[in-house]
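Read the structure below first, then the notes.
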Amino acid sequence: MGYDFKSVEKKWQDKWEETGVFHAVDFSDKPKFYGLVEFPYPSGAGMHVGHIKAYSGLEVISRKRRMQGYNVLFPIGFDAYGLPTENYAIKTGIHPRKVTDMNIERFSSQLKKVGFSFDWTRVIDTTQEGYYKWTQWIFLKMFEHGLAFRDKTLVNYCPSCKVVLSNEDSQGGKCDICHSDIVQKSKDVWYLRITKYADKLLEGLDEVDYLPNIKLQQRNWIGKSTGAFVDFDVKGSDNEKLKIYTTRPDTLFGVTFMVMAPEHPMIDKYADRIANMDEITGYRKECAKKTEFERTQLVKEKTGVKIDGLSGINPVNGKEIPIYISDYVMMGYGTGAIMAVPAHDTRDYEFAKVFGLPIIEVVKGGDVTKEAFTDCATGIMTNSGFLDGLTVEEAKVKIKEWLTENGKGTPKVNYKLRDWVFSRQRYWGEPIPIVHCDKCGYVALPESELPLTLPDVESYMPTDNGESPLSTLDSFINTTCPHCGGPAKRETDTMPQWAGSSWYFLRYCDPHNKNELASKEALDYWMPVDWYNGGMEHTTLHLLYSRFWHKFLYDIGVTTTKEPYMKRTSHGMILGEDGQKMSKSRGNVINPDDVVKEYGADTLRLYEMFIGDFEKTAPWSPSSIKGCKRFLDRVWALQDCLVEGDEFREPLIASFHKTIKKVSEDIENLKFNTAIAAMMGLINEIYAQGSINHAELKTLLMLLNPFAPHITEEMWQAIGCEGRVYQQT
């Protein structure tokens with residue numbers, strides 16, 4: 001009889017659910033394994049096959065670990081706050097709560113149909129009060145320790161959607177949602193002081209097993225550099241100093257001009273002395289239309305305006321140099337002004353060429369008449385007064401000493417990492433549990449009042465003035481100050497989507513705890529996460545943010561491990577048949593439900609592992625999926641040539657041992673495609689032999705089980721083996 005996957009898969013999925021076989025056991029005597037996948041954002045479109053690949057890697061590892069005798073925690077949940085749900089709610093008029101519940105239900109049923117061995121008793125949803133109570137609690141602890149603060153910043157604002165957008169949502173100066181031009185707007189927002197943890201985040205990378213490119217991304221994002229602050233006198237001002245930060249103070253003799261951010265406050269301070277203020281104002285307006293991403297791109301035309309009325313004095317040689325404003329300098333980076341050494345910096349070189357400025361070589365080695373010589377981390381100094389003839393390293397030491405002795409600057413370690421903007425002017429997010437009192441300033445809600453629940457509103461449309469929809473709700477806003485009892489106003493911004501995903505892995509350890517985010521005992525037992533797999537797009541921000549939260553919780557004694565994840569790997573995307581990224585608008589999305597219906601869950605699982613290298617991108621191919629279905633049909637048909645025997649036979653014995661070794665090692669190295677290929681090769685040999693005995697088939701079913709659990713359990717039972725495959729060692 002042919003293999004009827006429909007009835008078989010449903011049967012085993014029901015059995016697994018009824019008996020709770022994949023539930024993790026707290027405090028078991030077995031060694032523990034905590035495997036984590038990035039929890040999905042439950043969108044209205046449902047899952048596509050890319051999600052399935054994302055979870056398949058650790059699904060195979062987790063099933064293998066259970067067979068190796070581990071107590072496995074392999075949980076799933078939903079990261080459900082954020083803009084997509086809110087925009088969908090605005091479009092359809094269905095409340096975001098309802099939209100979220102529908103989407104979660106759909107995602108859950110899709111995941112169950114594929115037969116993932118998740119522990120469904122530990123599901124979390126970041127929008128549930130019992131969960132976000134603790135997100136708010138962590139925020140309050142950060143506030144208490146001086147890590148949450150309010151400050152002014154320039155934000156990307158879409159006047160049409162009436163919303164503040166991240167740089168990622170407003171690339172090219174256009175709003176992602178409605179394609180209107182965005183403008184820069186000054187706004188008071190909440191920040192988290194992640195910069196205080198820069199060194200700890202760098203040091204922690206030495207303790208973990210992450211792919212080298214993931215560690216590099218983390219290091220580059222933090223961007224630690226050693227250099228100096230240097231003070232340039234400003235001619236035309238009242239003894240004003242223009243402070244810059246440089247990692248290359250040794251090149252000061254090569255400075256031929258300076259550049260300020262167009263928003264620099266010194267411009268307004270001396271507006272009456274600047275002869276070309278109209279031209280500067282016009283340029284500022286142009287800059288306000290651009291996002292930070294556009295402004296800081298390397299490859300773009302250099303534009304700027306010379307300030308007529310202010311000029312700099314180079315501290316090392318007393319030379320007067322012009323000051324320009326240009327959009328490639330940002331107020332948020334460093335001091336909002338730079339010294340330009342065009343001979344040794346490509347960006348400065350291009351700017352100097354456009355504006356006809358001098359280019360002075362100070363490190364020997366290139367030909368600066370043709371291009372900037374940037375390979376100058378080593379070399380000998382030239383045209384540099386008292387530094388001439390020194391190596392770059394010697395010159396760095398000497399110039400820092402000279403700057404300090406002469407009161408012209410100070411050595412400084414700096415970071416590219418900036419504090420994290422932590423508020424959104426939208427409805428669908430965690431309310432920030434802070435009130436503002438005219439007398440006491442910003443005051444935290446007492447812990448006993450958590451969770452501060454998101455009120456039900458008539459309209460979650462963004463407001464005309466760029467404030468959150470909560471700002472229109474008097475019943476929510478007006479409250480009393482927990483400190484002095486006087487009248488106070490609630491914070492109306494909500495937290496960003498990143499908040500709930502910065503600590504979710506801790507909640508899985510103890511998801512139903514009402515008294516703390518997780519008990520000390522549960523965290524001690526389960527943490528750290530042994531293996532975390534996710535997309536490459538989350539290896540900078542999400543990884544950095546969650547490591548920061550975890551390290552803070554470690555510092556205040558909540559967690560007992562310094563790092564949350566011991567190992568981090570990544571998977572490649574699955575593209576549409578057209579080789580493009582899957583998206584609803586392109587119409588190239590493959591729904592896993594359709595594949596399961598036509599070929600079965602085991603075939604889908606097998607194909608997604610066989611499609612190519614796990615960490616590489618691969619297009620969907622309907623013809624290859626048929627090959628995986630044929631392979632499973634051949635496995636099923638082995639029952640027809642089954643013979644007695646409880647030991648491997650010659651000539652198959654060597655092939656079996658080779659396959660066992662290969663599959664075992666390949667799973668650990670995420671080389672699923674070659675593991676499956678090895679089993680396909682073994683099947684060919686078995687068919688060439690003409691029969692398979694009991695011992696051989698049992699071994700084959702155990703090897704194949706993590707990849708194709710339904711068919712292997714069914715055959716295991718059919719040939720009269722004891723217990724279940726997942727219980728075998």
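Letters A, B, ... mark the chains of the structure tokens in the order given; residue numbers begin at 1 per chain; ligand numbers begin at 1, in order shown.
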
Within 7 Å of Lys567 of chain A using only C-alpha atoms, minus same-chain residues under 6 positions, as a ChimeraX atom specification: /A:208-210,530-532

10 Å contact set for Leu154 of chain A, only C-alpha atoms, chain neighbours under 4 positions out, as a list in words: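 Listed by chain and then number, they are Val183, Gln184, Lys185, Ser186, Lys187, Asp188, Val189, Glu263, Ala288, Glu292, Met331 and Gly332 of chain A.
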
For Gly236 of chain A: contacts at 9 Å, only C-alpha atoms, fewer than 2 positions along chain excluded, given as a PDB file with N, CA and C atoms, in the first residue's frame:
```pdb
ATOM      1  N   VAL A 234      38.050  79.643  17.020  1.00  0.00           N
ATOM      2  CA  VAL A 234      37.200  80.122  15.918  1.00  0.00           C
ATOM      3  C   VAL A 234      37.373  81.630  15.784  1.00  0.00           C
ATOM      4  N   ASP A 238      33.528  84.992  19.918  1.00  0.00           N
ATOM      5  CA  ASP A 238      34.015  85.472  21.214  1.00  0.00           C
ATOM      6  C   ASP A 238      34.808  84.369  21.902  1.00  0.00           C
ATOM      7  N   ASN A 239      36.067  84.183  21.481  1.00  0.00           N
ATOM      8  CA  ASN A 239      36.932  83.136  22.074  1.00  0.00           C
ATOM      9  C   ASN A 239      36.281  81.749  22.078  1.00  0.00           C
ATOM     10  N   GLU A 240      35.460  81.477  21.068  1.00  0.00           N
ATOM     11  CA  GLU A 240      34.760  80.182  20.956  1.00  0.00           C
ATOM     12  C   GLU A 240      35.765  79.096  20.533  1.00  0.00           C
ATOM     13  N   TYR A 270      26.060  82.882  16.058  1.00  0.00           N
ATOM     14  CA  TYR A 270      26.775  83.982  15.397  1.00  0.00           C
ATOM     15  C   TYR A 270      26.122  84.390  14.078  1.00  0.00           C
ATOM     16  N   ARG A 273      26.869  87.677  12.469  1.00  0.00           N
ATOM     17  CA  ARG A 273      28.222  87.928  11.935  1.00  0.00           C
ATOM     18  C   ARG A 273      28.482  87.140  10.650  1.00  0.00           C
ATOM     19  N   GLY A 309      32.436  84.455   7.550  1.00  0.00           N
ATOM     20  CA  GLY A 309      32.405  85.237   8.791  1.00  0.00           C
ATOM     21  C   GLY A 309      32.982  84.484   9.975  1.00  0.00           C
ATOM     22  N   LEU A 310      33.130  83.147   9.822  1.00  0.00           N
ATOM     23  CA  LEU A 310      33.787  82.348  10.869  1.00  0.00           C
ATOM     24  C   LEU A 310      34.860  81.485  10.205  1.00  0.00           C
ATOM     25  N   SER A 311      36.026  81.383  10.834  1.00  0.00           N
ATOM     26  CA  SER A 311      37.033  80.448  10.317  1.00  0.00           C
ATOM     27  C   SER A 311      37.780  79.817  11.485  1.00  0.00           C
TER      28      SER A 311
END
```

Run DSSP on the backbone and tell me which residues of segment 306-512 of chain A come out as helix (DSSP H, G or I); list them as a PyMOL selection string. chain A and resi 342-344+346-355+385-387+392-405+447-449+469-472+474-477+498-501+504-507

Compare A:Pro592, A:Thr453, A:Ser471, A:Phe139 by their minimum atom-to-atom distance to Phe107 of chain A, counting only C-alpha atoms, and give me the closest one.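 For Phe107 of chain A, the nearest of the given residues is A:Pro592.
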
Do a neighbour search on segment 702-717 of chain A at 9 Å with only C-alpha atoms, toss out local chain neighbours closer than 2 positions, and write the hits as an mmCIF file with N, CA and C atoms, in the first residue's frame.
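selection.cif written:
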```cif
data_model
loop_
_atom_site.group_PDB
_atom_site.id
_atom_site.type_symbol
_atom_site.label_atom_id
_atom_site.label_comp_id
_atom_site.auth_asym_id
_atom_site.auth_seq_id
_atom_site.Cartn_x
_atom_site.Cartn_y
_atom_site.Cartn_z
ATOM 1 N N TYR A 3 2.109 5.231 0.566
ATOM 2 C CA TYR A 3 2.191 6.020 1.800
ATOM 3 C C TYR A 3 1.136 7.126 1.795
ATOM 4 N N PHE A 5 0.273 10.122 3.453
ATOM 5 C CA PHE A 5 0.844 11.065 4.435
ATOM 6 C C PHE A 5 -0.234 11.849 5.186
ATOM 7 N N VAL A 8 -1.458 9.840 8.230
ATOM 8 C CA VAL A 8 -0.323 9.519 9.107
ATOM 9 C C VAL A 8 0.142 10.767 9.866
ATOM 10 N N GLU A 9 0.292 11.896 9.148
ATOM 11 C CA GLU A 9 0.844 13.101 9.789
ATOM 12 C C GLU A 9 -0.111 13.654 10.839
ATOM 13 N N LYS A 10 -1.392 13.645 10.510
ATOM 14 C CA LYS A 10 -2.399 14.144 11.458
ATOM 15 C C LYS A 10 -2.382 13.260 12.717
ATOM 16 N N LYS A 11 -2.307 11.952 12.504
ATOM 17 C CA LYS A 11 -2.327 10.985 13.616
ATOM 18 C C LYS A 11 -1.187 11.276 14.600
ATOM 19 N N TRP A 12 0.041 11.467 14.071
ATOM 20 C CA TRP A 12 1.181 11.653 14.968
ATOM 21 C C TRP A 12 1.177 13.033 15.621
ATOM 22 N N GLN A 13 0.736 14.036 14.877
ATOM 23 C CA GLN A 13 0.657 15.379 15.485
ATOM 24 C C GLN A 13 -0.323 15.372 16.659
ATOM 25 N N SER A 56 13.590 25.146 10.988
ATOM 26 C CA SER A 56 13.918 23.737 10.725
ATOM 27 C C SER A 56 15.278 23.331 11.282
ATOM 28 N N GLU A 59 15.056 22.692 14.906
ATOM 29 C CA GLU A 59 14.099 21.593 15.067
ATOM 30 C C GLU A 59 14.848 20.261 14.938
ATOM 31 N N VAL A 60 15.689 20.152 13.902
ATOM 32 C CA VAL A 60 16.462 18.914 13.696
ATOM 33 C C VAL A 60 17.430 18.706 14.865
ATOM 34 N N ILE A 61 18.130 19.771 15.264
ATOM 35 C CA ILE A 61 19.078 19.693 16.394
ATOM 36 C C ILE A 61 18.336 19.257 17.669
ATOM 37 N N SER A 62 17.163 19.871 17.931
ATOM 38 C CA SER A 62 16.424 19.571 19.169
ATOM 39 C C SER A 62 15.960 18.120 19.201
ATOM 40 N N ARG A 63 15.465 17.633 18.067
ATOM 41 C CA ARG A 63 15.037 16.229 18.023
ATOM 42 C C ARG A 63 16.237 15.292 18.217
ATOM 43 N N LYS A 64 17.361 15.683 17.643
ATOM 44 C CA LYS A 64 18.566 14.852 17.831
ATOM 45 C C LYS A 64 18.978 14.859 19.313
ATOM 46 N N MET A 67 17.123 12.519 21.477
ATOM 47 C CA MET A 67 17.568 11.130 21.286
ATOM 48 C C MET A 67 18.944 10.899 21.922
ATOM 49 N N GLY A 115 4.613 19.899 12.014
ATOM 50 C CA GLY A 115 5.100 18.904 12.970
ATOM 51 C C GLY A 115 6.310 19.342 13.773
ATOM 52 N N ALA A 601 3.985 17.140 5.207
ATOM 53 C CA ALA A 601 4.895 17.932 6.035
ATOM 54 C C ALA A 601 6.326 17.400 5.977
ATOM 55 N N ASP A 602 6.475 16.075 5.992
ATOM 56 C CA ASP A 602 7.833 15.513 5.969
ATOM 57 C C ASP A 602 8.575 15.908 4.695
ATOM 58 N N THR A 603 7.858 15.911 3.573
ATOM 59 C CA THR A 603 8.491 16.305 2.307
ATOM 60 C C THR A 603 8.917 17.772 2.372
ATOM 61 N N ARG A 605 9.627 19.560 5.042
ATOM 62 C CA ARG A 605 10.759 19.676 5.976
ATOM 63 C C ARG A 605 12.053 19.224 5.304
ATOM 64 N N LEU A 606 11.965 18.070 4.668
ATOM 65 C CA LEU A 606 13.145 17.491 4.021
ATOM 66 C C LEU A 606 13.656 18.416 2.918
ATOM 67 N N MET A 609 15.526 21.487 4.039
ATOM 68 C CA MET A 609 16.876 21.187 4.521
ATOM 69 C C MET A 609 17.814 20.806 3.361
ATOM 70 N N LEU A 632 11.024 9.786 0.018
ATOM 71 C CA LEU A 632 10.221 9.283 1.145
ATOM 72 C C LEU A 632 9.360 8.088 0.718
ATOM 73 N N VAL A 635 11.552 5.168 0.925
ATOM 74 C CA VAL A 635 11.761 4.758 2.324
ATOM 75 C C VAL A 635 10.560 3.918 2.781
ATOM 76 N N TRP A 636 9.364 4.392 2.463
ATOM 77 C CA TRP A 636 8.127 3.697 2.860
ATOM 78 C C TRP A 636 8.081 2.292 2.252
ATOM 79 N N GLN A 639 9.462 -1.407 3.493
ATOM 80 C CA GLN A 639 8.720 -2.412 4.275
ATOM 81 C C GLN A 639 8.427 -3.657 3.433
ATOM 82 N N THR A 659 27.380 6.278 7.181
ATOM 83 C CA THR A 659 26.210 7.170 7.144
ATOM 84 C C THR A 659 25.876 7.688 8.543
ATOM 85 N N ILE A 660 25.952 6.784 9.549
ATOM 86 C CA ILE A 660 25.682 7.211 10.937
ATOM 87 C C ILE A 660 26.630 8.350 11.307
ATOM 88 N N VAL A 663 25.821 11.646 9.117
ATOM 89 C CA VAL A 663 24.585 12.342 9.500
ATOM 90 C C VAL A 663 24.757 13.009 10.867
ATOM 91 N N SER A 664 25.369 12.281 11.813
ATOM 92 C CA SER A 664 25.567 12.832 13.160
ATOM 93 C C SER A 664 26.407 14.106 13.117
ATOM 94 N N PHE A 672 22.752 20.084 6.596
ATOM 95 C CA PHE A 672 21.614 19.164 6.481
ATOM 96 C C PHE A 672 21.510 18.562 5.083
ATOM 97 N N ILE A 676 21.247 14.530 4.271
ATOM 98 C CA ILE A 676 20.135 13.907 3.530
ATOM 99 C C ILE A 676 20.676 13.165 2.305
ATOM 100 N N MET A 679 21.885 9.813 3.256
ATOM 101 C CA MET A 679 20.809 8.823 3.454
ATOM 102 C C MET A 679 20.233 8.382 2.110
ATOM 103 N N LEU A 697 16.847 -1.263 9.167
ATOM 104 C CA LEU A 697 15.724 -0.335 8.993
ATOM 105 C C LEU A 697 15.541 0.522 10.258
ATOM 106 N N LYS A 698 15.700 -0.124 11.431
ATOM 107 C CA LYS A 698 15.583 0.635 12.691
ATOM 108 C C LYS A 698 16.588 1.793 12.701
ATOM 109 N N THR A 699 17.827 1.501 12.312
ATOM 110 C CA THR A 699 18.884 2.525 12.306
ATOM 111 C C THR A 699 18.553 3.641 11.317
ATOM 112 N N LEU A 700 18.100 3.240 10.138
ATOM 113 C CA LEU A 700 17.756 4.242 9.119
ATOM 114 C C LEU A 700 16.633 5.159 9.626
ATOM 115 N N ILE A 719 6.522 -1.839 11.913
ATOM 116 C CA ILE A 719 7.420 -3.016 11.883
ATOM 117 C C ILE A 719 7.598 -3.618 13.287
ATOM 118 N N GLY A 720 6.763 -3.123 14.231
ATOM 119 C CA GLY A 720 6.693 -3.758 15.552
ATOM 120 C C GLY A 720 7.817 -3.408 16.507
ATOM 121 N N CYS A 721 8.415 -2.200 16.365
ATOM 122 C CA CYS A 721 9.474 -1.804 17.310
ATOM 123 C C CYS A 721 8.862 -1.285 18.601
ATOM 124 N N GLU A 722 9.623 -1.391 19.674
ATOM 125 C CA GLU A 722 9.187 -0.927 20.996
ATOM 126 C C GLU A 722 9.227 0.603 21.077
ATOM 127 N N GLY A 723 8.303 1.204 21.835
ATOM 128 C CA GLY A 723 8.355 2.650 22.135
ATOM 129 C C GLY A 723 8.191 3.519 20.900
ATOM 130 N N ARG A 724 8.780 4.692 20.973
ATOM 131 C CA ARG A 724 8.724 5.646 19.853
ATOM 132 C C ARG A 724 10.152 5.955 19.387
ATOM 133 N N VAL A 725 10.276 6.461 18.181
ATOM 134 C CA VAL A 725 11.625 6.753 17.662
ATOM 135 C C VAL A 725 12.291 7.839 18.504
ATOM 136 N N TYR A 726 11.521 8.883 18.872
ATOM 137 C CA TYR A 726 12.144 10.003 19.590
ATOM 138 C C TYR A 726 12.668 9.604 20.978
ATOM 139 N N GLN A 728 14.410 6.808 21.428
ATOM 140 C CA GLN A 728 15.593 5.947 21.241
ATOM 141 C C GLN A 728 16.870 6.746 21.503
ATOM 142 N N THR A 729 17.931 6.017 21.792
ATOM 143 C CA THR A 729 19.199 6.717 22.059
ATOM 144 C C THR A 729 20.113 6.599 20.851
#
```

When DSSP works through the backbone of this structure, what residues of segment 161-342 of chain A end up as strand (DSSP E), shown as number ranges by chain? A: 163-165, 183-192, 209-210, 224-235, 241-246, 257-260, 305-313, 320-325, 337-340

Using only C-alpha atoms, find each residue of segment 219-248 of chain A with at least one atom at most 10 Å away from an atom of segment 194-199 of chain A; report its shortest atom-to-atom pair and that distance in Å (one decimal), sort the rows by chain and rising residue number, and return the result as CSV.
```
residue,atom,partner,partner_atom,distance
A:Arg219,CA,A:Ala198,CA,9.6
A:Ile222,CA,A:Ala198,CA,6.5
A:Gly223,CA,A:Ala198,CA,9.0
A:Lys224,CA,A:Ala198,CA,8.1
```

Hey, what's within 9 Å of Asp26 of chain A if we count only C-alpha atoms and toss same-chain stuff fewer than 6 positions away? As a list in words, please? Asn71, Cys509, Asp510, Ala522, Tyr525 and Trp526 of chain A

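One finds atom CA of Lys215 of chain A at 9.0 Å from atom CA of Thr540 of chain A.
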
Nearest residue to Phe232 of chain A from the set A:Asn478, A:Leu357, A:Asp524, A:Lys408 (distances using only C-alpha atoms):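 Nearest to Phe232 of chain A: A:Lys408.
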
Taking only C-alpha atoms into account, which of A:His694, A:Arg97, A:Lys32, A:Lys551 comes nearest Glu644 of chain A?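 Closest to Glu644 of chain A, using only C-alpha atoms: A:His694.
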
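The interatomic distance for the pair atom CA of Val363 of chain A and atom CA of Ile380 of chain A works out to 5.6 Å.
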
Point-to-point distance in Å for atom CA of Met258 of chain A and atom CA of Asp388 of chain A: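 We find that atom CA of Asp388 of chain A and atom CA of Met258 of chain A lie 23.0 Å from each other.
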
Can you pull out the residues contacting Asp438 of chain A? Cut-off 9 Å, using only C-alpha atoms, and skip same-chain residues under 4 positions away; I want them as a list in words.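 Skipping anything fewer than 4 positions along the chain leaves Tyr442, Gly486, Pro487 and Ala488 of chain A.
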
For the residues selected in the previous step, produce a file with N, CA, C and O atoms as a tab-separated table (two decimals), in the first residue's frame.
```tsv
chain	number	residue	atom	x	y	z
A	442	TYR	N	10.11	63.71	35.96
A	442	TYR	CA	9.66	62.39	35.50
A	442	TYR	C	9.69	61.41	36.66
A	442	TYR	O	10.72	61.25	37.32
A	486	GLY	N	0.32	65.30	43.68
A	486	GLY	CA	-0.24	66.40	42.89
A	486	GLY	C	-0.66	65.93	41.51
A	486	GLY	O	-0.44	64.77	41.14
A	487	PRO	N	-1.28	66.84	40.70
A	487	PRO	CA	-1.70	66.45	39.34
A	487	PRO	C	-0.48	66.15	38.47
A	487	PRO	O	0.55	66.82	38.58
A	488	ALA	N	-0.62	65.13	37.61
A	488	ALA	CA	0.49	64.75	36.72
A	488	ALA	C	-0.08	64.22	35.41
A	488	ALA	O	-1.27	63.91	35.32
```

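Proximity of A:Leu58, A:Ala352, A:Asp268, A:Ser180 to Thr256 of chain A, computed with only C-alpha atoms, is greatest for A:Ala352.
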
If we count only C-alpha atoms, what is near segment 42-49 of chain A at a cut-off of 10 Å, once residues fewer than 3 positions away on the same chain are taken out, given as an MDAnalysis selection string? chainID A and resid 39 52:54 77:81 84:85 88 99:108 110:111 125 573:576 582:584 589:593 595 604:605 608 620

Looking at only C-alpha atoms, which of A:Val164, A:Ile556, A:Val155, A:Val457 is the one that sits closest to His95 of chain A? A:Val457
